[in-house]
Amino acid sequence: MHNEKAIKVIREQNRNMAEKSGNGSENESSHKEEAIRYRALVESMNDGFGIVNNEGIFTYVNPRFAKMLEYLPEEMIGKALTDFLDDANKKILRENIRQRTKGQATQYEMEWIKSSGEGVFTIVSGAPLMNGDGKHKGSFAVITDISELKESREALEESAEMMRRIFEDSQVGLELFDSEGILIAANQAALDIGGVSRIEELLGFSLFDDPNVPSEIKAKLIRGEPVRYQVTFDFDKVREKKLYDTKRSGTMVVDAWVTPLGLEKGGALKGYLGQITEKTEHLATEAALQDSEKRYQLLAENVTDVIFTTDLELNLTYVSTSVGLLLGYTAEELLGKSMIELMTADSVWAAIGTMAEALEHEKKSDQIQHHGESPPIELKLKHMNGSIIWTEVARTFLRDENGKPIGVLGVARNIEERKEAEEALKASELKYRTLIDQSFQGSVIIQPLPLAVKFTNPAFAGFLGLEVNEVLALSPRNIQNIIHPDDWDKLTNRLQDLMAGEPPRSNPLIMRVFHKDGSLQHLEVFGRRVEFEGDPALQVVAMNFTERINADKHIRTQKERAMLYLDLMSHDFRNQLQVILGSTMVLEEKLRDPNDRRLLGQIVSAVERCQSMISKVKVTEPLMSVPLHPRRLDPTIEEIVELQRKQHEGVEIDLAIKSKGAIVEADEFLEQLLTNLIENAVEHNPNPEKKVWVTLFKSGDGFEISVSDNGHGLSEALKIAIFDVTRRYGGVGLLQSKQICDKYGGRIAVRDRVQGQPGEGAEFSIWLPKAKNSENGS
């Protein structure tokens, strides 16, 4: 809005100078004074300013605009506008210059190219220059640098997108509840666990209505305590309670961890974060493995092994009758056959290799190896039906009276069940290792004495900027150096407590570790005692919340900068505006020319509007810190309307209260909200007979306040962009009104006063929710 004011003043001055250009030498002194004031104005502007002729050549550039593009003003003057733009922005320029030739002012975003080749994002507020005949002779524009605003917005969007991806892609089921325990968000993993296809089917589900959550857990959550528990989840209870539609049935074992949100540093409860994992398959796998081991043991104890003898060329000289159970042959069918005929190709080479090694060992050693001293080998044998049977063969040499090998005595045992169990165990181990390796949670197993890392997943190694093998190779001194010195004692104390048998705690240990690049990483750590490879150890699970810490710091920095700018406006800028007002009062006494006095009046008006905007912004400085409480709308609206009638005596302000006793949750800024809307309707109405209608009525679960006028209305494009803080079409008052509405949980909108006829005026409406536990307002 301040760019539009500057353009308006400059255009008015340009028009006045054009009108006076024919008055001869008696106005020459006045022209020089105006030129001096004009140059002082544009050269002291905080925004860029430039003038081009009708061929698009710069004829003037103020120092701020030149500095913005890293040039000197004289380096830009005489060059074309397009020399500082790429093709995409040239197109934007051409579209707006075309409107300038028609005498129209425009405002648009454009990226300029600095002398270094980098881009700078700006808002350009341009207006045409006309000669005495009303023909276009060039343009001038105010250029505002919005690079920092754009970078801040992009950084915030990137951070939000990253957090969204982490939430959606997590392998852990994540659920977000509001402060009443109502589900408001869930990721795909949570939907899969619940047997729900779409999030809409789960929204509105109450955590405290879930019969599967134990009562003592609910009580702890209500008290604001974080909980972790394992429960058998019954889907039939969900159906009986009609909590939500689920495709799953029966029961499953769930490991759940629910954390209250917003209670840090004594804050108010904002909701709950639930993390859930299904343990059913894990427990079933453990049970299946135990059952498989029992079956294998029973089988091994009751099945007769096959005993056989061969000569040194592996021809069978004896085989027990139990071979029929193993391979389907009778003993008589196999006598005289070579064992090689019964083996698969790879087992043939294994058997021949083992035999050769044993005979070679016999030549080099005088010690006789007896049965059981040679390790067994696993061989695949061919069954009579063509199938392959895994066997474990223990063997020793048959010897003559001199102890020399003359044959082989062997015992073959069917190990098919064991092989299947091993494969199942490998598959299970691979699955869970894959889950751990792909988890964004860090997982590490620590040996207490001597201190060493026995296992780590890639996520934890990534927290340190190391590879997995580098973490496993860390010495005790290296491990201590990675931990922040201030956190070392509390970490070791917690680990010692766990090793002494203390149960795991539900609240995490907050600790800091050093990344390979020297940066600090902030971790939330949970630990428990486990057995690892037969020895007591500590399993540690860690979550890295460094980015959250950095984001909080960034937000605090941005807030401090905003407060600095607000302080500058409310003190330094206002002091300078007072100087300008004081100077204009002195000038007013000296000026006699009506046009000069009129121009001076415009300056005074602009300064007063600037002071008014600063006051509005300053008034709502504590907006977010003031608590809400129930307030009646009708007396407040009546009071504000009466004040506005006194301030704008020439304006007809009509008031209609259609809902008596309307109560909403608001604060001391409710009056500011109503005042802004009525002043906006009055100040932006160009009609000589101004009229404003203010109406209060019930709407759904709340109340609506509409403020309409008989002005010229708003275009569709402006209706869409008027509350966009990045474009500033709506001015300080409307943007301030939107902030107040957002705090109240309401909404603000604009439409035509008469539907389909924008020229009949605009109507701004505010909807505010009814206060809780309030039945008033009809």
# chains A, B, ... in the order shown; residues from 1 in each chain; ligands from 1
call {"tool": "residues_around", "arguments": {"residues": "segment 43-50 of chain A", "least_positions_apart": "4", "cutoff": "9 Å", "atoms": "only C-alpha atoms", "output": "VMD selection string"}}
result
chain A and resid 3 38 to 39 58 to 68 139 to 145
call {"tool": "write_last_selection", "arguments": {"atoms": "N, CA, C and O atoms", "output": "CSV table (one decimal), in the first residue's frame"}}
result
chain,number,residue,atom,x,y,z
A,3,ASN,N,3.7,1.6,-1.5
A,3,ASN,CA,4.2,1.8,-2.9
A,3,ASN,C,3.1,2.6,-3.7
A,3,ASN,O,3.4,3.5,-4.5
A,38,TYR,N,11.5,16.4,-5.3
A,38,TYR,CA,11.2,15.1,-6.0
A,38,TYR,C,12.4,14.2,-5.9
A,38,TYR,O,12.3,13.0,-5.5
A,39,ARG,N,13.6,14.8,-6.2
A,39,ARG,CA,14.8,13.9,-6.2
A,39,ARG,C,15.2,13.5,-4.8
A,39,ARG,O,15.5,12.3,-4.5
A,58,PHE,N,16.2,3.2,-19.4
A,58,PHE,CA,16.2,3.9,-18.2
A,58,PHE,C,16.7,5.3,-18.4
A,58,PHE,O,17.8,5.5,-18.9
A,59,THR,N,15.9,6.3,-17.8
A,59,THR,CA,16.4,7.7,-17.8
A,59,THR,C,16.7,8.1,-16.4
A,59,THR,O,17.4,9.1,-16.2
A,60,TYR,N,16.3,7.3,-15.4
A,60,TYR,CA,16.6,7.6,-14.0
A,60,TYR,C,16.5,6.3,-13.2
A,60,TYR,O,15.6,5.5,-13.4
A,61,VAL,N,17.5,6.2,-12.3
A,61,VAL,CA,17.5,5.0,-11.4
A,61,VAL,C,18.0,5.6,-10.0
A,61,VAL,O,19.0,6.2,-9.9
A,62,ASN,N,17.2,5.3,-8.9
A,62,ASN,CA,17.7,5.8,-7.6
A,62,ASN,C,18.7,4.9,-7.1
A,62,ASN,O,18.9,3.8,-7.5
A,63,PRO,N,19.5,5.4,-6.1
A,63,PRO,CA,20.6,4.6,-5.6
A,63,PRO,C,20.2,3.2,-5.0
A,63,PRO,O,20.9,2.2,-5.1
A,64,ARG,N,19.0,3.2,-4.4
A,64,ARG,CA,18.5,1.9,-3.8
A,64,ARG,C,18.3,0.9,-4.9
A,64,ARG,O,18.7,-0.3,-4.7
A,65,PHE,N,17.7,1.2,-6.0
A,65,PHE,CA,17.4,0.3,-7.1
A,65,PHE,C,18.8,-0.2,-7.7
A,65,PHE,O,19.0,-1.4,-7.9
A,66,ALA,N,19.7,0.7,-7.9
A,66,ALA,CA,21.0,0.3,-8.4
A,66,ALA,C,21.7,-0.6,-7.5
A,66,ALA,O,22.3,-1.6,-7.9
A,67,LYS,N,21.7,-0.3,-6.2
A,67,LYS,CA,22.4,-1.2,-5.2
A,67,LYS,C,21.7,-2.6,-5.2
A,67,LYS,O,22.4,-3.6,-5.0
A,68,MET,N,20.4,-2.6,-5.3
A,68,MET,CA,19.7,-3.9,-5.3
A,68,MET,C,20.2,-4.8,-6.4
A,68,MET,O,20.3,-6.0,-6.2
A,139,SER,N,7.3,5.4,-18.3
A,139,SER,CA,6.8,4.8,-17.1
A,139,SER,C,7.8,5.0,-15.9
A,139,SER,O,8.9,5.3,-16.1
A,140,PHE,N,7.2,4.9,-14.7
A,140,PHE,CA,8.1,4.9,-13.5
A,140,PHE,C,7.5,3.8,-12.6
A,140,PHE,O,6.3,3.4,-12.7
A,141,ALA,N,8.4,3.3,-11.7
A,141,ALA,CA,7.9,2.2,-10.9
A,141,ALA,C,8.7,2.3,-9.5
A,141,ALA,O,9.9,2.7,-9.5
A,142,VAL,N,8.1,1.8,-8.5
A,142,VAL,CA,8.7,1.5,-7.2
A,142,VAL,C,9.0,0.0,-7.1
A,142,VAL,O,8.1,-0.8,-7.4
A,143,ILE,N,10.2,-0.4,-6.8
A,143,ILE,CA,10.6,-1.8,-6.8
A,143,ILE,C,11.0,-2.2,-5.3
A,143,ILE,O,11.9,-1.6,-4.7
A,144,THR,N,10.3,-3.2,-4.8
A,144,THR,CA,10.5,-3.7,-3.4
A,144,THR,C,11.1,-5.0,-3.4
A,144,THR,O,10.6,-6.0,-4.1
A,145,ASP,N,12.2,-5.1,-2.7
A,145,ASP,CA,13.0,-6.4,-2.6
A,145,ASP,C,12.3,-7.4,-1.7
A,145,ASP,O,12.1,-7.1,-0.5
call {"tool": "select_by_dssp", "arguments": {"residues": "segment 140-182 of chain A", "states": "strand (DSSP E)", "output": "ChimeraX atom specification"}}
result
/A:140-145,173-178
call {"tool": "select_by_dssp", "arguments": {"residues": "segment 414-531 of chain A", "states": "alpha helix (DSSP H)", "output": "PyMOL selection string"}}
result
chain A and resi 416-438+458-463+468-472+476-482+485-499
call {"tool": "atom_distance", "arguments": {"atom1": "atom CA of Asn385 of chain A", "atom2": "atom CA of Val319 of chain A"}}
result
19.1 Å
call {"tool": "residues_around", "arguments": {"residues": "Ser659 of chain A", "least_positions_apart": "5", "cutoff": "12 Å", "atoms": "only C-alpha atoms", "output": "PDB file with C-alpha atoms, in the first residue's frame"}}
result
ATOM      1  CA  ARG A 632     -20.836 -10.939  23.915  1.00  0.00           C
ATOM      2  CA  LEU A 633     -20.886  -9.720  20.347  1.00  0.00           C
ATOM      3  CA  ASP A 634     -24.010  -7.526  20.197  1.00  0.00           C
ATOM      4  CA  PRO A 635     -23.011  -4.825  22.757  1.00  0.00           C
ATOM      5  CA  ILE A 637     -20.715  -4.228  17.798  1.00  0.00           C
ATOM      6  CA  THR A 695     -25.229  -7.178  10.347  1.00  0.00           C
ATOM      7  CA  LEU A 696     -24.893  -9.835  13.082  1.00  0.00           C
ATOM      8  CA  PHE A 697     -26.708 -13.172  12.674  1.00  0.00           C
ATOM      9  CA  LYS A 698     -26.386 -16.846  13.702  1.00  0.00           C
ATOM     10  CA  SER A 699     -24.640 -19.135  11.211  1.00  0.00           C
ATOM     11  CA  GLY A 702     -21.270 -19.832  15.325  1.00  0.00           C
ATOM     12  CA  PHE A 703     -22.107 -16.271  14.380  1.00  0.00           C
ATOM     13  CA  GLU A 704     -21.434 -14.190  11.282  1.00  0.00           C
ATOM     14  CA  ILE A 705     -20.729 -10.466  11.149  1.00  0.00           C
ATOM     15  CA  LYS A 770     -19.819 -20.108  19.422  1.00  0.00           C
ATOM     16  CA  ASN A 776     -26.998 -18.197  23.992  1.00  0.00           C
ATOM     17  CA  GLY A 777     -27.500 -16.458  20.710  1.00  0.00           C
ATOM     18  CA  SER A 778     -30.524 -16.979  18.543  1.00  0.00           C
TER      19      SER A 778
END
call {"tool": "atom_distance", "arguments": {"atom1": "atom CA of Ile166 of chain A", "atom2": "atom CA of Val238 of chain A"}}
result
28.6 Å
call {"tool": "atom_distance", "arguments": {"atom1": "atom CA of Pro594 of chain A", "atom2": "atom CA of Asp133 of chain A"}}
result
23.5 Å
call {"tool": "closest_residue", "arguments": {"among": "A:Val471, A:Leu714, A:Ile740, A:Glu111", "to": "Glu760 of chain A", "atoms": "only C-alpha atoms"}}
result
A:Leu714
call {"tool": "residues_around", "arguments": {"residues": "Pro686 of chain A", "least_positions_apart": "5", "cutoff": "10 Å", "atoms": "only C-alpha atoms", "output": "ChimeraX atom specification"}}
result
/A:710-712
call {"tool": "residues_around", "arguments": {"residues": "Phe526 of chain A", "least_positions_apart": "5", "cutoff": "6 Å", "atoms": "only C-alpha atoms", "output": "PyMOL selection string"}}
result
chain A and resi 508+540-541
call {"tool": "residues_around", "arguments": {"residues": "segment 324-335 of chain A", "least_positions_apart": "6", "cutoff": "6 Å", "atoms": "only C-alpha atoms", "output": "ChimeraX atom specification"}}
result
/A:316-317,383-384
call {"tool": "closest_residue", "arguments": {"among": "A:Val393, A:Val664, A:Val227, A:Leu202", "to": "Asp245 of chain A", "atoms": "only C-alpha atoms"}}
result
A:Leu202
call {"tool": "decode", "arguments": {"residues": "segment 683-695 of chain A", "atoms": "all heavy atoms", "output": "JSON list (two decimals), in the first residue's frame"}}
result
[["chain", "number", "residue", "atom", "x", "y", "z"],
["A", 683, "GLU", "N", -13.17, 4.13, 4.15],
["A", 683, "GLU", "CA", -12.03, 4.78, 3.53],
["A", 683, "GLU", "C", -11.84, 4.40, 2.06],
["A", 683, "GLU", "O", -11.31, 5.19, 1.28],
["A", 683, "GLU", "CB", -10.75, 4.44, 4.31],
["A", 683, "GLU", "CG", -10.74, 5.03, 5.72],
["A", 683, "GLU", "CD", -9.51, 4.62, 6.50],
["A", 683, "GLU", "OE1", -8.67, 3.90, 5.92],
["A", 683, "GLU", "OE2", -9.40, 5.00, 7.68],
["A", 684, "HIS", "N", -12.23, 3.21, 1.67],
["A", 684, "HIS", "CA", -12.04, 2.77, 0.29],
["A", 684, "HIS", "C", -13.31, 2.90, -0.55],
["A", 684, "HIS", "O", -13.44, 2.26, -1.60],
["A", 684, "HIS", "CB", -11.53, 1.33, 0.28],
["A", 684, "HIS", "CG", -10.18, 1.17, 0.89],
["A", 684, "HIS", "ND1", -9.02, 1.50, 0.23],
["A", 684, "HIS", "CD2", -9.80, 0.76, 2.13],
["A", 684, "HIS", "CE1", -7.98, 1.28, 1.02],
["A", 684, "HIS", "NE2", -8.42, 0.84, 2.20],
["A", 685, "ASN", "N", -14.25, 3.70, -0.09],
["A", 685, "ASN", "CA", -15.49, 3.95, -0.83],
["A", 685, "ASN", "C", -15.39, 5.33, -1.48],
["A", 685, "ASN", "O", -15.40, 6.36, -0.80],
["A", 685, "ASN", "CB", -16.68, 3.89, 0.13],
["A", 685, "ASN", "CG", -18.01, 3.96, -0.61],
["A", 685, "ASN", "OD1", -18.07, 4.35, -1.78],
["A", 685, "ASN", "ND2", -19.08, 3.60, 0.08],
["A", 686, "PRO", "N", -15.29, 5.41, -2.82],
["A", 686, "PRO", "CA", -15.12, 6.70, -3.48],
["A", 686, "PRO", "C", -16.43, 7.47, -3.69],
["A", 686, "PRO", "O", -16.40, 8.62, -4.14],
["A", 686, "PRO", "CB", -14.49, 6.29, -4.82],
["A", 686, "PRO", "CG", -15.05, 4.94, -5.10],
["A", 686, "PRO", "CD", -15.22, 4.27, -3.77],
["A", 687, "ASN", "N", -17.57, 6.85, -3.39],
["A", 687, "ASN", "CA", -18.85, 7.53, -3.63],
["A", 687, "ASN", "C", -19.01, 8.74, -2.71],
["A", 687, "ASN", "O", -18.63, 8.69, -1.53],
["A", 687, "ASN", "CB", -20.01, 6.56, -3.41],
["A", 687, "ASN", "CG", -20.15, 5.57, -4.55],
["A", 687, "ASN", "OD1", -19.64, 5.83, -5.64],
["A", 687, "ASN", "ND2", -20.81, 4.45, -4.30],
["A", 688, "PRO", "N", -19.59, 9.81, -3.20],
["A", 688, "PRO", "CA", -19.82, 10.99, -2.34],
["A", 688, "PRO", "C", -20.82, 10.69, -1.22],
["A", 688, "PRO", "O", -20.72, 11.22, -0.14],
["A", 688, "PRO", "CB", -20.34, 12.05, -3.32],
["A", 688, "PRO", "CG", -20.85, 11.27, -4.50],
["A", 688, "PRO", "CD", -20.01, 10.05, -4.60],
["A", 689, "GLU", "N", -21.83, 9.82, -1.51],
["A", 689, "GLU", "CA", -22.80, 9.44, -0.48],
["A", 689, "GLU", "C", -22.48, 8.02, -0.04],
["A", 689, "GLU", "O", -22.94, 7.03, -0.61],
["A", 689, "GLU", "CB", -24.22, 9.53, -1.03],
["A", 689, "GLU", "CG", -24.63, 10.95, -1.40],
["A", 689, "GLU", "CD", -26.07, 11.03, -1.89],
["A", 689, "GLU", "OE1", -26.72, 9.97, -1.93],
["A", 689, "GLU", "OE2", -26.53, 12.13, -2.22],
["A", 690, "LYS", "N", -21.68, 7.91, 0.98],
["A", 690, "LYS", "CA", -21.19, 6.61, 1.44],
["A", 690, "LYS", "C", -22.20, 5.97, 2.40],
["A", 690, "LYS", "O", -22.77, 6.65, 3.24],
["A", 690, "LYS", "CB", -19.85, 6.76, 2.15],
["A", 690, "LYS", "CG", -18.76, 7.37, 1.27],
["A", 690, "LYS", "CD", -17.46, 7.51, 2.04],
["A", 690, "LYS", "CE", -16.39, 8.14, 1.16],
["A", 690, "LYS", "NZ", -15.10, 8.27, 1.87],
["A", 691, "LYS", "N", -22.35, 4.64, 2.22],
["A", 691, "LYS", "CA", -23.25, 3.92, 3.10],
["A", 691, "LYS", "C", -22.62, 2.59, 3.47],
["A", 691, "LYS", "O", -22.03, 1.92, 2.62],
["A", 691, "LYS", "CB", -24.61, 3.69, 2.43],
["A", 691, "LYS", "CG", -25.63, 3.08, 3.39],
["A", 691, "LYS", "CD", -27.03, 3.11, 2.81],
["A", 691, "LYS", "CE", -28.03, 2.57, 3.84],
["A", 691, "LYS", "NZ", -29.43, 2.60, 3.33],
["A", 692, "VAL", "N", -22.76, 2.22, 4.75],
["A", 692, "VAL", "CA", -22.20, 0.96, 5.26],
["A", 692, "VAL", "C", -23.30, 0.22, 6.01],
["A", 692, "VAL", "O", -24.05, 0.82, 6.77],
["A", 692, "VAL", "CB", -21.00, 1.22, 6.20],
["A", 692, "VAL", "CG1", -20.49, -0.10, 6.79],
["A", 692, "VAL", "CG2", -19.88, 1.95, 5.46],
["A", 693, "TRP", "N", -23.37, -1.12, 5.76],
["A", 693, "TRP", "CA", -24.34, -1.97, 6.46],
["A", 693, "TRP", "C", -23.58, -2.96, 7.35],
["A", 693, "TRP", "O", -22.69, -3.68, 6.87],
["A", 693, "TRP", "CB", -25.20, -2.77, 5.47],
["A", 693, "TRP", "CG", -26.13, -1.93, 4.64],
["A", 693, "TRP", "CD1", -27.41, -1.61, 4.90],
["A", 693, "TRP", "CD2", -25.80, -1.31, 3.38],
["A", 693, "TRP", "NE1", -27.93, -0.83, 3.90],
["A", 693, "TRP", "CE2", -26.96, -0.64, 2.94],
["A", 693, "TRP", "CE3", -24.65, -1.26, 2.59],
["A", 693, "TRP", "CZ2", -26.99, 0.06, 1.74],
["A", 693, "TRP", "CZ3", -24.69, -0.57, 1.42],
["A", 693, "TRP", "CH2", -25.85, 0.09, 0.98],
["A", 694, "VAL", "N", -23.92, -3.01, 8.63],
["A", 694, "VAL", "CA", -23.30, -3.96, 9.57],
["A", 694, "VAL", "C", -24.40, -4.87, 10.10],
["A", 694, "VAL", "O", -25.41, -4.39, 10.63],
["A", 694, "VAL", "CB", -22.61, -3.23, 10.74],
["A", 694, "VAL", "CG1", -21.96, -4.24, 11.69],
["A", 694, "VAL", "CG2", -21.56, -2.24, 10.21],
["A", 695, "THR", "N", -24.19, -6.21, 9.96],
["A", 695, "THR", "CA", -25.23, -7.18, 10.35],
["A", 695, "THR", "C", -24.61, -8.29, 11.17],
["A", 695, "THR", "O", -23.54, -8.80, 10.84],
["A", 695, "THR", "CB", -25.90, -7.78, 9.10],
["A", 695, "THR", "OG1", -26.37, -6.73, 8.25],
["A", 695, "THR", "CG2", -27.07, -8.68, 9.51]]
